[in-house]
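Asker: Pasting protein06.cif below, which is mmCIF, C-alpha atoms.
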data_data
#
loop_
_atom_site.group_PDB
_atom_site.id
_atom_site.type_symbol
_atom_site.label_atom_id
_atom_site.label_comp_id
_atom_site.auth_asym_id
_atom_site.auth_seq_id
_atom_site.Cartn_x
_atom_site.Cartn_y
_atom_site.Cartn_z
ATOM 1 C CA MET X 1 5.599 1.473 -20.455
ATOM 2 C CA ALA X 2 2.548 1.478 -18.216
ATOM 3 C CA ALA X 3 2.180 3.254 -14.923
ATOM 4 C CA PRO X 4 3.960 1.538 -12.005
ATOM 5 C CA GLY X 5 1.846 -1.255 -10.601
ATOM 6 C CA LEU X 6 1.573 -2.903 -7.225
ATOM 7 C CA SER X 7 4.775 -4.934 -7.670
ATOM 8 C CA ALA X 8 6.895 -1.818 -8.242
ATOM 9 C CA TYR X 9 5.763 -0.279 -4.966
ATOM 10 C CA LEU X 10 6.217 -3.551 -3.075
ATOM 11 C CA VAL X 11 9.770 -4.036 -4.387
ATOM 12 C CA LEU X 12 10.639 -0.418 -3.523
ATOM 13 C CA ALA X 13 9.307 -0.933 0.014
ATOM 14 C CA ALA X 14 11.280 -4.180 0.342
ATOM 15 C CA LEU X 15 14.456 -2.323 -0.665
ATOM 16 C CA VAL X 16 13.863 0.401 1.938
ATOM 17 C CA PHE X 17 13.090 -2.285 4.538
ATOM 18 C CA ALA X 18 16.361 -4.098 3.769
ATOM 19 C CA ILE X 19 18.335 -0.842 4.018
ATOM 20 C CA GLY X 20 16.719 -0.086 7.376
ATOM 21 C CA LEU X 21 17.527 -3.616 8.589
ATOM 22 C CA PHE X 22 21.141 -3.071 7.572
ATOM 23 C CA GLY X 23 21.198 0.121 9.661
ATOM 24 C CA VAL X 24 19.696 -1.606 12.705
ATOM 25 C CA LEU X 25 22.225 -4.448 12.477
ATOM 26 C CA THR X 26 25.349 -2.368 11.894
ATOM 27 C CA ARG X 27 24.920 0.977 13.674
ATOM 28 C CA ARG X 28 26.805 1.386 16.930
ATOM 29 C CA ASN X 29 24.963 4.466 18.198
ATOM 30 C CA ALA X 30 21.607 3.822 19.874
ATOM 31 C CA VAL X 31 20.049 6.807 18.062
ATOM 32 C CA GLY X 32 21.338 5.361 14.774
ATOM 33 C CA ILE X 33 19.553 2.084 15.529
ATOM 34 C CA LEU X 34 16.331 4.040 16.134
ATOM 35 C CA LEU X 35 16.784 5.721 12.724
ATOM 36 C CA GLY X 36 16.962 2.281 11.104
ATOM 37 C CA ILE X 37 13.744 1.229 12.840
ATOM 38 C CA GLU X 38 12.079 4.385 11.493
ATOM 39 C CA LEU X 39 13.076 3.378 7.948
ATOM 40 C CA MET X 40 11.657 -0.127 8.388
ATOM 41 C CA LEU X 41 8.315 1.181 9.702
ATOM 42 C CA ASN X 42 8.225 3.620 6.797
ATOM 43 C CA ALA X 43 8.652 0.775 4.309
ATOM 44 C CA VAL X 44 5.717 -1.057 5.881
ATOM 45 C CA ASN X 45 3.610 2.104 5.518
ATOM 46 C CA ILE X 46 4.376 2.204 1.778
ATOM 47 C CA ASN X 47 3.204 -1.411 1.510
ATOM 48 C CA LEU X 48 -0.043 -0.678 3.356
ATOM 49 C CA VAL X 49 -0.895 2.358 1.241
ATOM 50 C CA ALA X 50 -0.029 0.506 -1.989
ATOM 51 C CA PHE X 51 -2.375 -2.343 -1.083
ATOM 52 C CA ALA X 52 -5.072 0.159 -0.093
ATOM 53 C CA ARG X 53 -4.744 1.776 -3.525
ATOM 54 C CA PHE X 54 -4.573 -1.300 -5.743
ATOM 55 C CA GLU X 55 -6.901 -3.590 -3.812
ATOM 56 C CA ALA X 56 -9.395 -0.769 -3.113
ATOM 57 C CA ASP X 57 -9.320 -1.575 0.615
ATOM 58 C CA LEU X 58 -9.744 1.237 3.132
ATOM 59 C CA ALA X 59 -8.138 -0.677 6.034
ATOM 60 C CA GLY X 60 -4.644 -0.040 4.679
ATOM 61 C CA LEU X 61 -5.033 3.718 5.009
ATOM 62 C CA ILE X 62 -6.422 3.431 8.556
ATOM 63 C CA PHE X 63 -3.613 1.068 9.582
ATOM 64 C CA THR X 64 -1.042 3.513 8.199
ATOM 65 C CA LEU X 65 -2.462 6.236 10.429
ATOM 66 C CA PHE X 66 -2.248 3.906 13.429
ATOM 67 C CA VAL X 67 1.329 2.895 12.581
ATOM 68 C CA ILE X 68 2.342 6.564 12.382
ATOM 69 C CA ALA X 69 0.786 7.274 15.809
ATOM 70 C CA ILE X 70 2.490 4.245 17.381
ATOM 71 C CA THR X 71 5.807 5.311 15.830
ATOM 72 C CA VAL X 72 5.515 8.696 17.498
ATOM 73 C CA ALA X 73 5.010 6.994 20.882
ATOM 74 C CA GLU X 74 7.922 4.643 20.192
ATOM 75 C CA VAL X 75 10.273 7.507 19.310
ATOM 76 C CA GLY X 76 9.284 9.430 22.453
ATOM 77 C CA VAL X 77 9.913 6.536 24.843
ATOM 78 C CA GLY X 78 12.990 5.285 22.952
ATOM 79 C CA LEU X 79 14.730 8.652 23.010
ATOM 80 C CA ALA X 80 13.828 9.141 26.688
ATOM 81 C CA ILE X 81 15.515 5.798 27.440
ATOM 82 C CA VAL X 82 18.563 6.812 25.364
ATOM 83 C CA ILE X 83 18.874 10.095 27.279
ATOM 84 C CA ALA X 84 18.440 8.311 30.640
ATOM 85 C CA ILE X 85 21.183 5.825 29.700
ATOM 86 C CA PHE X 86 23.427 8.671 28.561
ATOM 87 C CA ARG X 87 23.009 10.395 31.959
ATOM 88 C CA VAL X 88 24.184 7.290 33.821
ATOM 89 C CA ARG X 89 26.825 5.834 31.485
ATOM 90 C CA ARG X 90 27.939 8.940 29.506
ATOM 91 C CA THR X 91 27.693 6.927 26.266
ATOM 92 C CA VAL X 92 25.034 5.695 23.847
ATOM 93 C CA ASP X 93 27.269 3.093 22.205
ATOM 94 C CA ALA X 94 25.200 -0.081 22.003
ATOM 95 C CA ASP X 95 28.337 -2.247 22.322
ATOM 96 C CA GLN X 96 29.108 -0.835 25.773
ATOM 97 C CA LEU X 97 25.592 -1.220 27.153
ATOM 98 C CA ASN X 98 26.063 -4.734 28.520
ATOM 99 C CA LEU X 99 24.668 -4.329 32.023
ATOM 100 C CA LEU X 100 22.407 -7.369 31.641
ATOM 101 C CA LYS X 101 25.138 -9.600 30.211
ATOM 102 C CA GLY X 102 25.624 -12.727 32.334
ATOM 103 C CA MET P 103 6.672 6.512 -20.612
ATOM 104 C CA THR P 104 3.942 8.289 -18.726
ATOM 105 C CA LEU P 105 4.424 11.173 -16.337
ATOM 106 C CA GLU P 106 3.478 8.966 -13.383
ATOM 107 C CA THR P 107 6.262 6.516 -14.207
ATOM 108 C CA LEU P 108 8.787 9.334 -14.478
ATOM 109 C CA VAL P 109 7.769 10.841 -11.126
ATOM 110 C CA PHE P 110 7.760 7.393 -9.523
ATOM 111 C CA GLY P 111 11.294 6.738 -10.746
ATOM 112 C CA LEU P 112 12.606 10.072 -9.487
ATOM 113 C CA VAL P 113 10.937 9.724 -6.094
ATOM 114 C CA ALA P 114 12.137 6.127 -5.749
ATOM 115 C CA LEU P 115 15.695 7.274 -6.447
ATOM 116 C CA ALA P 116 15.371 10.045 -3.818
ATOM 117 C CA LEU P 117 13.910 7.597 -1.303
ATOM 118 C CA LEU P 118 16.654 5.012 -1.813
ATOM 119 C CA GLY P 119 19.375 7.675 -1.723
ATOM 120 C CA GLY P 120 17.992 9.107 1.499
ATOM 121 C CA SER P 121 17.701 5.652 3.055
ATOM 122 C CA LEU P 122 21.301 4.782 2.162
ATOM 123 C CA GLY P 123 22.378 8.110 3.641
ATOM 124 C CA VAL P 124 20.620 7.225 6.909
ATOM 125 C CA VAL P 125 22.548 4.000 7.365
ATOM 126 C CA LEU P 126 25.913 4.915 5.790
ATOM 127 C CA THR P 127 26.881 8.500 6.711
ATOM 128 C CA PRO P 128 29.377 8.629 9.569
ATOM 129 C CA ASN P 129 27.952 11.905 10.904
ATOM 130 C CA LEU P 130 24.796 11.178 12.877
ATOM 131 C CA PHE P 131 23.356 14.647 12.289
ATOM 132 C CA HIS P 132 23.637 14.161 8.517
ATOM 133 C CA ALA P 133 21.926 10.792 8.948
ATOM 134 C CA VAL P 134 18.898 12.515 10.517
ATOM 135 C CA LEU P 135 18.796 15.029 7.644
ATOM 136 C CA SER P 136 18.838 12.095 5.183
ATOM 137 C CA LEU P 137 15.983 10.531 7.128
ATOM 138 C CA ALA P 138 13.995 13.755 6.709
ATOM 139 C CA GLY P 139 14.598 13.556 2.948
ATOM 140 C CA ALA P 140 13.521 9.906 2.839
ATOM 141 C CA LEU P 141 10.347 10.701 4.802
ATOM 142 C CA VAL P 142 9.432 13.541 2.420
ATOM 143 C CA ALA P 143 10.014 11.192 -0.539
ATOM 144 C CA THR P 144 7.692 8.674 1.125
ATOM 145 C CA ALA P 145 5.075 11.412 1.477
ATOM 146 C CA VAL P 146 5.285 12.065 -2.283
ATOM 147 C CA ILE P 147 4.813 8.324 -2.881
ATOM 148 C CA PHE P 148 1.629 8.501 -0.783
ATOM 149 C CA LEU P 149 0.516 11.327 -3.068
ATOM 150 C CA LEU P 150 1.197 9.129 -6.113
ATOM 151 C CA LEU P 151 -0.984 6.473 -4.485
ATOM 152 C CA ASP P 152 -3.956 8.882 -4.189
ATOM 153 C CA ALA P 153 -3.644 9.218 -0.404
ATOM 154 C CA ALA P 154 -3.554 12.993 -0.035
ATOM 155 C CA PHE P 155 -4.556 12.957 3.634
ATOM 156 C CA LEU P 156 -1.707 10.584 4.534
ATOM 157 C CA PHE P 157 0.657 12.836 2.569
ATOM 158 C CA ALA P 158 -0.235 15.698 4.924
ATOM 159 C CA VAL P 159 -0.033 13.499 8.029
ATOM 160 C CA GLN P 160 3.351 12.143 6.985
ATOM 161 C CA LEU P 161 4.766 15.628 6.430
ATOM 162 C CA LEU P 162 3.373 17.061 9.678
ATOM 163 C CA LEU P 163 4.008 14.199 12.109
ATOM 164 C CA TYR P 164 7.004 12.389 10.654
ATOM 165 C CA ALA P 165 9.071 14.915 8.773
ATOM 166 C CA GLY P 166 8.065 17.700 11.165
ATOM 167 C CA GLY P 167 7.681 16.163 14.612
ATOM 168 C CA VAL P 168 9.789 13.018 14.726
ATOM 169 C CA VAL P 169 12.795 14.585 13.001
ATOM 170 C CA THR P 170 12.716 17.544 15.413
ATOM 171 C CA VAL P 171 12.684 15.218 18.430
ATOM 172 C CA LEU P 172 15.542 13.165 16.953
ATOM 173 C CA VAL P 173 17.640 16.292 16.407
ATOM 174 C CA PHE P 174 17.057 17.268 20.045
ATOM 175 C CA ALA P 175 18.148 13.827 21.268
ATOM 176 C CA ILE P 176 21.339 13.978 19.214
ATOM 177 C CA MET P 177 22.160 17.450 20.511
ATOM 178 C CA LEU P 178 21.678 16.223 24.086
ATOM 179 C CA THR P 179 23.797 13.099 23.759
ATOM 180 C CA GLU P 180 26.586 14.141 21.383
ATOM 181 C CA ARG P 181 28.991 16.973 20.981
ATOM 182 C CA LEU P 182 28.052 18.523 17.652
ATOM 183 C CA ILE P 183 31.588 19.780 17.164
ATOM 184 C CA GLY P 184 34.479 17.372 17.299
ATOM 185 C CA GLU P 185 34.997 13.744 16.460
ATOM 186 C CA HIS P 186 32.590 12.406 19.073
ATOM 187 C CA ILE P 187 29.620 12.526 16.709
ATOM 188 C CA THR P 188 31.351 10.376 14.110
ATOM 189 C CA GLN P 189 29.872 6.904 14.262
ATOM 190 C CA THR P 190 31.288 3.834 12.613
ATOM 191 C CA ASN P 191 29.371 0.742 11.639
ATOM 192 C CA ARG P 192 30.345 -2.698 12.869
ATOM 193 C CA HIS P 193 29.889 -6.130 11.274
ATOM 194 C CA VAL P 194 29.200 -4.477 7.905
ATOM 195 C CA VAL P 195 29.600 -7.675 5.870
ATOM 196 C CA ASN P 196 27.332 -9.729 8.118
ATOM 197 C CA GLY P 197 24.686 -6.989 8.129
ATOM 198 C CA ALA P 198 24.855 -6.625 4.335
ATOM 199 C CA VAL P 199 24.503 -10.389 3.790
ATOM 200 C CA MET P 200 21.525 -10.517 6.136
ATOM 201 C CA SER P 201 19.793 -7.509 4.514
ATOM 202 C CA VAL P 202 20.360 -8.794 0.960
ATOM 203 C CA ALA P 203 19.000 -12.194 1.996
ATOM 204 C CA VAL P 204 15.840 -10.595 3.402
ATOM 205 C CA PHE P 205 15.393 -8.467 0.264
ATOM 206 C CA VAL P 206 15.908 -11.399 -2.105
ATOM 207 C CA GLY P 207 13.411 -13.457 -0.131
ATOM 208 C CA VAL P 208 10.729 -10.766 -0.139
ATOM 209 C CA ALA P 209 11.309 -9.676 -3.751
ATOM 210 C CA GLY P 210 11.308 -13.277 -4.950
ATOM 211 C CA PHE P 211 7.988 -13.834 -3.235
ATOM 212 C CA ILE P 212 6.553 -10.672 -4.837
ATOM 213 C CA MET P 213 7.763 -11.716 -8.290
ATOM 214 C CA ARG P 214 6.436 -15.271 -7.987
ATOM 215 C CA SER P 215 3.018 -14.279 -6.640
ATOM 216 C CA ASN P 216 0.590 -13.413 -9.391
ATOM 217 C CA LEU P 217 -0.525 -9.934 -8.406
ATOM 218 C CA THR P 218 -3.579 -8.817 -10.311
ATOM 219 C CA ALA P 219 -4.661 -5.289 -9.586
ATOM 220 C CA ALA P 220 -8.318 -4.971 -8.714
ATOM 221 C CA GLU P 221 -10.409 -1.944 -9.507
ATOM 222 C CA PRO P 222 -8.456 1.200 -8.559
ATOM 223 C CA ALA P 223 -9.922 2.992 -5.583
ATOM 224 C CA PRO P 224 -11.741 6.305 -5.975
ATOM 225 C CA ALA P 225 -9.396 9.258 -5.868
ATOM 226 C CA ASP P 226 -10.061 11.087 -2.609
ATOM 227 C CA ARG P 227 -10.993 8.900 0.336
ATOM 228 C CA THR P 228 -10.495 11.306 3.245
ATOM 229 C CA VAL P 229 -14.187 11.285 4.130
ATOM 230 C CA GLU P 230 -14.209 7.472 4.199
ATOM 231 C CA ILE P 231 -11.150 7.493 6.492
ATOM 232 C CA ALA P 232 -12.907 9.844 8.906
ATOM 233 C CA ARG P 233 -16.084 7.714 8.920
ATOM 234 C CA ALA P 234 -14.083 4.513 9.513
ATOM 235 C CA ILE P 235 -12.093 6.025 12.398
ATOM 236 C CA VAL P 236 -15.223 6.942 14.353
ATOM 237 C CA GLY P 237 -17.100 3.861 13.132
ATOM 238 C CA PRO P 238 -15.567 0.364 12.962
ATOM 239 C CA PHE P 239 -12.163 1.465 14.273
ATOM 240 C CA ALA P 240 -13.412 3.653 17.143
ATOM 241 C CA VAL P 241 -12.121 1.370 19.928
ATOM 242 C CA THR P 242 -8.647 1.192 18.348
ATOM 243 C CA PHE P 243 -8.651 4.955 17.986
ATOM 244 C CA GLU P 244 -9.433 5.435 21.705
ATOM 245 C CA LEU P 245 -6.783 2.865 22.662
ATOM 246 C CA LEU P 246 -4.241 4.871 20.641
ATOM 247 C CA GLY P 247 -5.107 7.900 22.782
ATOM 248 C CA VAL P 248 -4.390 5.841 25.909
ATOM 249 C CA LEU P 249 -1.120 4.624 24.373
ATOM 250 C CA LEU P 250 0.012 8.168 23.597
ATOM 251 C CA VAL P 251 -0.736 9.333 27.156
ATOM 252 C CA ALA P 252 1.152 6.337 28.553
ATOM 253 C CA ALA P 253 4.112 7.041 26.258
ATOM 254 C CA LEU P 254 4.130 10.686 27.339
ATOM 255 C CA LEU P 255 4.138 9.758 31.032
ATOM 256 C CA GLY P 256 6.794 7.095 30.430
ATOM 257 C CA ALA P 257 9.036 9.545 28.589
ATOM 258 C CA ILE P 258 8.728 12.062 31.438
ATOM 259 C CA TYR P 259 9.464 9.323 33.992
ATOM 260 C CA PHE P 260 12.591 8.160 32.171
ATOM 261 C CA ALA P 261 13.974 11.594 31.404
ATOM 262 C CA ARG P 262 13.313 13.383 34.722
ATOM 263 C CA THR P 263 16.114 14.176 37.136
ATOM 264 C CA GLU P 264 16.342 12.329 40.424
ATOM 265 C CA ASP P 265 15.623 15.149 42.891
#
Step by step, read the file and then write its structure as structure tokens.
Answerer:
Amino acid sequence: MAAPGLSAYLVLAALVFAIGLFGVLTRRNAVGILLGIELMLNAVNINLVAFARFEADLAGLIFTLFVIAITVAEVGVGLAIVIAIFRVRRTVDADQLNLLKG
Amino acid sequence: MTLETLVFGLVALALLGGSLGVVLTPNLFHAVLSLAGALVATAVIFLLLDAAFLFAVQLLLYAGGVVTVLVFAIMLTERLIGEHITQTNRHVVNGAVMSVAVFVGVAGFIMRSNLTAAEPAPADRTVEIARAIVGPFAVTFELLGVLLVAALLGAIYFARTED
């Protein structure tokens, strides 16, 4: 059995992406939804690094760095919004946050 | 069965287990701990892919920084003791069908496409990364600095008290 190739890494990343999607769709807590988004971004990072390794392309590594930096910004703003909502509504349940519902 | 295959299998199992823990555990605090495990497993996968610098970045920023911030947010919005932290999932069947459909679509595409590996990259490419960041990607790099400052100010604006 040879060393794992590009397909193995891509399938693994697709699995992690699907699990993260499941979390985003089914979690009730707003922080739980953010955790699912983290998993999905992580899966994309695995894809980028795998392509950078097997296609000998440097851009994948650079993009991964940029994705990590953007994720940090996203987590900071997202959690600030969650805390602001919690102050006003005393809950972070996504089902009860229907202020914009017509 | 080479050593690389064995390590890849073990790390893949840890990554999938951690990911399932993130989306399935009822206790939100345990979910964040599972996320930390999944992120460390991802870092080891980066190491398997000859990206040592990204391994360090992943451990420092993701598993160190992001997880800490998430733990703080949970402690601020939930009671750690008591049933309030227990979170249930909703529409589990619909979510599972949707996720499996996405996975089957992506995996089917991967299997059908004829992936031929090119020449493997040289082992350590940290110097090339540094040259590219200040060379062709310099504008993007500066824009990321602006984005981080904006995110910092936005987070302070959202989270400040009214007085």
Asker: Specify as a PyMOL selection string all residues of chain P found within 7 Å of chain X, counting all atoms listed in the file.
Answerer: chain P and resi 103-104+106-107+118+121-122+125+148+151+168+175+179+189-194+197-198+201-202+204-205+208-209+212+219-223+231+250+253+256-257+260-261
Asker: Residues near Ala140 of chain P, anyone? I mean within 8 Å using all atoms listed in the file, not counting same-chain ones fewer than 2 positions away, as a list in words.
Answerer: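 Listing them by chain and then by number gives Ala116, Leu117, Leu118, Gly119, Gly120, Ser121, Ser136, Leu137, Ala138, Val142, Ala143 and Thr144 of chain P.
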Asker: Between atom CA of Leu178 of chain P and atom CA of Gly123 of chain P, measure the distance and give it in Å to one decimal.
Answerer: 22.0 Å
Asker: Between atom CA of Leu105 of chain P and atom CA of Leu150 of chain P, what distance in Å does the model show, to one decimal?
Answerer: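 For atom CA of Leu105 of chain P relative to atom CA of Leu150 of chain P, the distance reads 10.9 Å.
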Asker: One decimal, in Å: what's the spacing between atom CA of Leu135 of chain P and atom CA of Ile176 of chain P?
Answerer: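 Computed distance, atom CA of Leu135 of chain P to atom CA of Ile176 of chain P, equals 11.9 Å.
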Asker: Would you compute the box with edges along x, y and z of the file around segment 124-136 of chain P, including every atom the file lists for it and 4 Å extra on each side, and give its centre and edge lengths in Å to one decimal, as lines of an AutoDock Vina configuration file?
Answerer:
center_x = 24.1
center_y = 9.5
center_z = 9.0
size_x = 18.6
size_y = 19.0
size_z = 15.7
Asker: Do you know which residues lie at most 12 Å from (-9.4, 8.8, 16.1), with coordinates as in the file and only C-alpha atoms counted, and could you write them as a count of residues only?
Answerer: 23
